[in-house]
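Visitor: Got a structure for you, questions after.
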Amino acid sequence: MSALPSIDTVDVKGKTLLIRADLNVPAKDGVVTDATRLERFAPTVKELSEKGGRIVILAHFGRPKGKPDPEFTLKPVAEKLGEILGRPVAFAEDCVGEAAKTVVSGLKDGDVAVLENLRFHAEEEKNDEGFARQLAELGDIYVNDAFSCAHRAHASTHALAKLLPAYAGPSLLAEVNALEAALTKPERPVAAVVGGAKVSTKIGVLEFLVPKMDHLVIGGGMANTFLAAQGFDVGKSLFEADAKDTALKVMKLAEESGCKLHLPVDVVAASEFKAHAENETVDAKAIPADKMALDVGPKTADAVIAALSECRTLLWNGPLGAFEIQPFDAATNKVALAAAKLTTEGKLVTVAGGGDTVAALNASGAADDFTYLSTAGGAFLEWLEGKELPGIEVLRKG
C-alpha cells in the first residue's frame, strides 16, 4: 500500500492551503454543544499557520439539501474554532464565487478563514468537476484532514484532489496509520470486539475481519442472532431471524480460519428496556421466554478480558450491551477499563471507532487511555470492511 503524501514535507509559506476538515459538530440554536472535533483539528491549523500558510477551511455541516439554509451555516462553528485557536478566523458567506474570493484574497501569511457550508451547493455531493474547479481557483495546495469524510467521493474530497497538488493532513495521517497498524500489520495475537444491534449492518466487517483475527468477540444485540442461529431460545431479545444463516456462515469461517469466536456464555436479562429495570443474570442458552438480553454477563466479560490479556492488538467497534442505560453498561465498562489498563501498561495497542463506541468508551472513563479513538463513523466501518475510501485513494494516486 503506497504511503500517503504528507503536508508536513511541504514548504507552505505564502501558499494558500485549501484544507478539507470535518467541522460537522453537534450544535443547537446556533451554539456548538460539543467542540471535540474542532479541538482535534485545531493543531493542524496552528501548525500550518505558524509555518506561514494561508489557511482556507472547507467543510460541510448537516444536510441542507443542496441549497443555502441558515440553520446549517458554518458561521458559529467558525467563531468557535476562533475561540479554540485564540485568534480571529475570517468567514466567507459562500464557499465559491465572489464572496469566497474576496475573503481568500484578503488573507496574509498565517491567517485563517472558514468558507460557508459546501453542501449549500448540490454539486458538492455529486462530485461535480466544475464545482471542484471553482474551489481549486481559491488555493495553491489541497490538504485532506478529514478521515471521517474520506469514504465519500464528493467534490471537496475527491474531484478537488485531482486539480491541485494534494496531501494528507496530520489528523488524517494519524488515523490511517493507527488503523493500518491495527488491521494491516498488527502485532499478534490480535482481537476484535464487534458489537451493536444488528448482524446485517456488520456483515461486511465480520467477513473481512474473521480471517485476520486471532480472537473475535461478538456483543450487543447481534450476539442474540448468533445464539438464535445455534437453536437457543432468546426470549424477547432483539435478534434478526433472517440473519441466522449469516451468523452460521461467520461461525464456520472463524472455525476454518483459526479465529477463536467469543459469544456470550451468560447474559443480563430484563422484562423491559429501561434504566434500572429489574434484571437477572442467566445462562446465555437459557434466556427466559418473557425476558430480553440487554447485556452480556460477568462470566462473559471476564472471559473476554482473559482473552485480551493474551493479545497485543485490539480493534473495537460497537458496545457489548445497551450501554445507554444502567446497569446494562456494566460489561462494556468492565472490558473497556481492562483494555485501557492493559494499554497503559504497554501490553496492548487499542484502536476503537464509531459513534456508539466512542460514546460508550467516554462514558466508561476508558477513552483517554486507548491508543487511538476514531470519531469517524462510516469511514471507520468501511475501512473495517476492507473497502477503498475514495478520499484516501485519490491522495495515494497523486
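In the C-alpha cells, the first chain shown is A, the next is B, and so on; residue numbers restart at 1 for each chain, and ligands run from 1 in the order shown.
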Need the shell around A:Gly169: protein/DNA/RNA residues with any atom at most 7 Å away, counting only C-alpha atoms. Skip same-chain ones fewer than 2 positions apart. Format as number ranges by chain?
Guide: A: 6-7, 143-145, 167, 171-173
Visitor: Write the selection just made, keeping C-alpha atoms, as a PDB file, in the first residue's frame?
Guide:
```
ATOM      1  CA  SER A   6       2.185  14.368   3.897  1.00  0.00           C
ATOM      2  CA  ILE A   7       1.754  18.140   4.014  1.00  0.00           C
ATOM      3  CA  VAL A 143      -4.973  19.150   2.110  1.00  0.00           C
ATOM      4  CA  ASN A 144      -7.420  16.486   3.290  1.00  0.00           C
ATOM      5  CA  ASP A 145      -7.502  16.338   7.088  1.00  0.00           C
ATOM      6  CA  TYR A 167      -1.595  15.998   0.533  1.00  0.00           C
ATOM      7  CA  SER A 171      -5.062  14.171  11.629  1.00  0.00           C
ATOM      8  CA  LEU A 172      -5.881  12.066   8.581  1.00  0.00           C
ATOM      9  CA  LEU A 173      -2.392  10.560   8.551  1.00  0.00           C
TER      10      LEU A 173
END
```
Visitor: Mind checking which residues fall within 8 Å of A:Leu58, counting only C-alpha atoms, ignoring those fewer than 6 positions away in the same chain, and posting them as a ChimeraX atom specification?
Guide: /A:18-21,95,114-118,156
Visitor: Write the selection just made, keeping N, CA and C atoms, as a PDB file, in the first residue's frame?
Guide:
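The resulting file, again-v6.pdb, is shown below:
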```pdb
ATOM      1  N   LEU A  18      -6.042  24.871   0.830  1.00  0.00           N
ATOM      2  CA  LEU A  18      -7.454  24.513   0.970  1.00  0.00           C
ATOM      3  C   LEU A  18      -7.506  23.235   1.800  1.00  0.00           C
ATOM      4  N   ILE A  19      -7.934  23.353   3.039  1.00  0.00           N
ATOM      5  CA  ILE A  19      -7.928  22.208   3.951  1.00  0.00           C
ATOM      6  C   ILE A  19      -9.345  21.682   4.130  1.00  0.00           C
ATOM      7  N   ARG A  20      -9.564  20.437   3.682  1.00  0.00           N
ATOM      8  CA  ARG A  20     -10.876  19.797   3.912  1.00  0.00           C
ATOM      9  C   ARG A  20     -10.890  19.258   5.332  1.00  0.00           C
ATOM     10  N   ALA A  21     -11.785  19.795   6.128  1.00  0.00           N
ATOM     11  CA  ALA A  21     -11.878  19.420   7.542  1.00  0.00           C
ATOM     12  C   ALA A  21     -13.258  18.865   7.835  1.00  0.00           C
ATOM     13  N   CYS A  95     -18.805  29.386  -0.355  1.00  0.00           N
ATOM     14  CA  CYS A  95     -17.537  28.646  -0.497  1.00  0.00           C
ATOM     15  C   CYS A  95     -16.939  28.799  -1.886  1.00  0.00           C
ATOM     16  N   VAL A 114     -12.674  30.365   7.257  1.00  0.00           N
ATOM     17  CA  VAL A 114     -13.597  29.249   7.037  1.00  0.00           C
ATOM     18  C   VAL A 114     -14.593  29.681   5.963  1.00  0.00           C
ATOM     19  N   LEU A 115     -14.808  28.832   4.973  1.00  0.00           N
ATOM     20  CA  LEU A 115     -15.795  29.123   3.936  1.00  0.00           C
ATOM     21  C   LEU A 115     -17.133  28.482   4.293  1.00  0.00           C
ATOM     22  N   GLU A 116     -18.206  29.060   3.799  1.00  0.00           N
ATOM     23  CA  GLU A 116     -19.553  28.580   4.103  1.00  0.00           C
ATOM     24  C   GLU A 116     -19.749  27.131   3.640  1.00  0.00           C
ATOM     25  N   ASN A 117     -20.740  26.499   4.220  1.00  0.00           N
ATOM     26  CA  ASN A 117     -21.102  25.097   4.022  1.00  0.00           C
ATOM     27  C   ASN A 117     -21.052  24.648   2.561  1.00  0.00           C
ATOM     28  N   LEU A 118     -20.185  23.684   2.281  1.00  0.00           N
ATOM     29  CA  LEU A 118     -20.063  23.129   0.924  1.00  0.00           C
ATOM     30  C   LEU A 118     -21.385  22.579   0.409  1.00  0.00           C
ATOM     31  N   SER A 156     -15.268  18.004  -2.778  1.00  0.00           N
ATOM     32  CA  SER A 156     -14.216  18.517  -1.896  1.00  0.00           C
ATOM     33  C   SER A 156     -13.290  17.433  -1.364  1.00  0.00           C
TER      34      SER A 156
END
```
Visitor: Which residue, A:Ala254, A:Ala155, A:Ala322, A:Gly204, has the smallest gap to A:Leu238 when you use only C-alpha atoms?
Guide: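 Ranked by minimum distance to A:Leu238, first place goes to A:Ala322.
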Visitor: Write out as a PyMOL selection string all residues of stretch 157-387 of chain A that backbone DSSP assigns to strand (DSSP E).
Guide: chain A and resi 166-168+190-194+215-218+260-262+266-270+279-283+292-296+313-317+349-353+372-374
Visitor: Please run DSSP on the backbone and report, as a ChimeraX atom specification, all residues within stretch 56-212 of chain A that come out as helix (DSSP H, G or I).
Guide: /A:70-72,75-85,97-105,118-120,129-136,147-149,155-162,170-183,203-212
Visitor: Restricting the calculation to only C-alpha atoms: of A:Phe131, A:Phe91, A:Phe61, A:Phe208, which residue gets closest to A:Trp383?
Guide: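 For A:Trp383, the nearest of the given residues is A:Phe208.
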Visitor: Which residues come within 9 Å of stretch 368-374 of chain A, counting only C-alpha atoms, excluding same-chain residues fewer than 3 positions away, as a VMD selection string?
Guide: chain A and resid 148 174 to 175 178 to 179 336 to 337 339 to 341 343 to 344 348 to 355 358 361 to 362 365 377 380
Visitor: By how many Å are atom CA of A:Lys299 and atom CA of A:Asp329 apart?
Guide: 14.8 Å
Visitor: Between A:Lys212, A:Thr9, A:Gly110, A:Lys252, which is the closest to A:Lys185 once you count only C-alpha atoms?
Guide: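 Looking only at the distances to A:Lys185, the closest residue turns out to be A:Lys212.
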Visitor: List the spatial neighbours of stretch 388-398 of chain A as a list of chain:residue names - criterion: any atom at most 7 Å away, only C-alpha atoms, same-chain residues fewer than 6 positions off excluded.
Guide: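 Residues meeting the cut-off are A:Ser2, A:Ala3, A:Leu4, A:Ala150, A:His151, A:Arg152, A:Ala153, A:Thr157, A:His158, A:Ala161, A:Ala166, A:Tyr167.
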Visitor: Residues of the last selection are to be written out with C-alpha atoms, as a PDB file, in the first residue's frame.
Guide:
```
ATOM      1  CA  SER A   2       1.665   3.234  -1.123  1.00  0.00           C
ATOM      2  CA  ALA A   3       2.315   5.868   1.506  1.00  0.00           C
ATOM      3  CA  LEU A   4       0.181   8.974   1.649  1.00  0.00           C
ATOM      4  CA  ALA A 150     -12.890  10.132   3.137  1.00  0.00           C
ATOM      5  CA  HIS A 151     -15.396   7.385   2.294  1.00  0.00           C
ATOM      6  CA  ARG A 152     -17.393   9.841   0.221  1.00  0.00           C
ATOM      7  CA  ALA A 153     -16.479  10.696  -3.365  1.00  0.00           C
ATOM      8  CA  THR A 157     -12.824  15.074  -1.034  1.00  0.00           C
ATOM      9  CA  HIS A 158     -12.219  13.604  -4.486  1.00  0.00           C
ATOM     10  CA  ALA A 161      -7.726  16.478  -5.026  1.00  0.00           C
ATOM     11  CA  ALA A 166      -2.801  17.097  -2.904  1.00  0.00           C
ATOM     12  CA  TYR A 167      -1.595  15.998   0.533  1.00  0.00           C
TER      13      TYR A 167
END
```
Visitor: When you look at stretch 291-298 of chain A with a cut-off of 7 Å (counting only C-alpha atoms), what residues show up, excluding the ones that are within fewer than 4 positions of it in the same chain? I need them as a PyMOL selection string.
Guide: chain A and resi 220+235-237+264+266-271+281+287+302+320-322+328+331
Visitor: Let's have the selection written as a compact mmCIF listing (two decimals), in the first residue's frame, with C-alpha atoms.
Guide:
```txt
# COMPACT_ATOMS: atom_id res chain seq x y z
CA GLY A 220 -24.63 -6.31 21.66
CA GLY A 235 -36.88 -14.91 24.62
CA LYS A 236 -37.94 -11.34 23.82
CA SER A 237 -34.39 -10.33 22.92
CA PRO A 264 -21.89 -14.74 25.42
CA ASP A 266 -24.18 -15.56 30.27
CA VAL A 267 -26.40 -12.50 29.79
CA VAL A 268 -28.18 -9.91 31.90
CA ALA A 269 -31.90 -10.22 31.13
CA ALA A 270 -34.84 -7.98 31.95
CA SER A 271 -38.54 -7.79 31.16
CA THR A 281 -28.04 -12.88 35.13
CA ILE A 287 -32.91 -16.84 28.44
CA ASP A 302 -14.23 -12.00 32.43
CA LEU A 320 -21.32 -5.21 24.36
CA GLY A 321 -24.75 -4.25 25.70
CA ALA A 322 -27.35 -1.49 25.91
CA PHE A 328 -26.72 -2.63 31.12
CA ALA A 331 -19.91 -5.36 30.73
```
Visitor: I'd like the neighbourhood of A:Asp8 as a list in words, where a residue qualifies if any of its atoms comes within 10 Å (using only C-alpha atoms), though same-chain residues fewer than 4 positions away should be ignored.
Guide: Val12, Glu47, Leu48, Tyr167, Ala168, Gly169 and Pro170 of chain A
Visitor: Looking at only C-alpha atoms, which of A:Ala27, A:Leu248, A:Leu253, A:Val176 is the one that sits closest to A:Ala146?
Guide: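 The shortest atom-to-atom distance to A:Ala146 comes from A:Val176.
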Visitor: As an MDAnalysis selection string, please: the residues near A:Arg63 (cut-off 12 Å, only C-alpha atoms, same-chain neighbours under 4 positions excluded).
Guide: chainID A and resid 24 67:73 117:122 124:125
Visitor: Kindly export the residues of the current selection with N, CA and C atoms, as an mmCIF file, in the first residue's frame.
Guide:
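To be explicit, this is the file written out as out25.cif:
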```
data_model
loop_
_atom_site.group_PDB
_atom_site.id
_atom_site.type_symbol
_atom_site.label_atom_id
_atom_site.label_comp_id
_atom_site.auth_asym_id
_atom_site.auth_seq_id
_atom_site.Cartn_x
_atom_site.Cartn_y
_atom_site.Cartn_z
ATOM 1 N N ASN A 24 -18.385 19.090 11.186
ATOM 2 C CA ASN A 24 -19.787 18.708 11.360
ATOM 3 C C ASN A 24 -20.030 18.349 12.832
ATOM 4 N N LYS A 67 -28.863 23.464 -0.997
ATOM 5 C CA LYS A 67 -29.169 24.894 -1.157
ATOM 6 C C LYS A 67 -28.952 25.599 0.182
ATOM 7 N N PRO A 68 -28.718 26.915 0.147
ATOM 8 C CA PRO A 68 -28.459 27.649 1.395
ATOM 9 C C PRO A 68 -29.599 27.505 2.393
ATOM 10 N N ASP A 69 -29.236 27.298 3.640
ATOM 11 C CA ASP A 69 -30.204 27.151 4.719
ATOM 12 C C ASP A 69 -29.550 27.713 5.983
ATOM 13 N N PRO A 70 -30.088 28.804 6.529
ATOM 14 C CA PRO A 70 -29.454 29.453 7.684
ATOM 15 C C PRO A 70 -29.272 28.524 8.886
ATOM 16 N N GLU A 71 -30.083 27.468 8.953
ATOM 17 C CA GLU A 71 -29.956 26.522 10.065
ATOM 18 C C GLU A 71 -28.609 25.797 10.021
ATOM 19 N N PHE A 72 -28.033 25.719 8.818
ATOM 20 C CA PHE A 72 -26.805 24.940 8.651
ATOM 21 C C PHE A 72 -25.602 25.808 8.275
ATOM 22 N N THR A 73 -25.643 27.077 8.655
ATOM 23 C CA THR A 73 -24.478 27.921 8.388
ATOM 24 C C THR A 73 -23.303 27.508 9.272
ATOM 25 N N ASN A 117 -20.740 26.499 4.220
ATOM 26 C CA ASN A 117 -21.102 25.097 4.022
ATOM 27 C C ASN A 117 -21.052 24.648 2.561
ATOM 28 N N LEU A 118 -20.185 23.684 2.281
ATOM 29 C CA LEU A 118 -20.063 23.129 0.924
ATOM 30 C C LEU A 118 -21.385 22.579 0.409
ATOM 31 N N ARG A 119 -22.176 22.034 1.319
ATOM 32 C CA ARG A 119 -23.429 21.384 0.906
ATOM 33 C C ARG A 119 -24.559 22.369 0.620
ATOM 34 N N PHE A 120 -24.246 23.670 0.654
ATOM 35 C CA PHE A 120 -25.213 24.646 0.154
ATOM 36 C C PHE A 120 -25.245 24.596 -1.379
ATOM 37 N N HIS A 121 -24.361 23.780 -1.948
ATOM 38 C CA HIS A 121 -24.306 23.568 -3.397
ATOM 39 C C HIS A 121 -24.502 22.084 -3.669
ATOM 40 N N ALA A 122 -25.514 21.747 -4.448
ATOM 41 C CA ALA A 122 -25.812 20.338 -4.747
ATOM 42 C C ALA A 122 -24.647 19.649 -5.459
ATOM 43 N N GLU A 124 -21.611 19.618 -4.716
ATOM 44 C CA GLU A 124 -20.639 19.030 -3.789
ATOM 45 C C GLU A 124 -20.831 17.522 -3.673
ATOM 46 N N GLU A 125 -22.054 17.090 -3.368
ATOM 47 C CA GLU A 125 -22.296 15.660 -3.177
ATOM 48 C C GLU A 125 -22.326 14.892 -4.500
#
```
Visitor: In Å to one decimal, how far is atom CA of A:Lys13 from atom CA of A:Glu50?
Guide: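 Between these atoms lies a distance of 8.9 Å.
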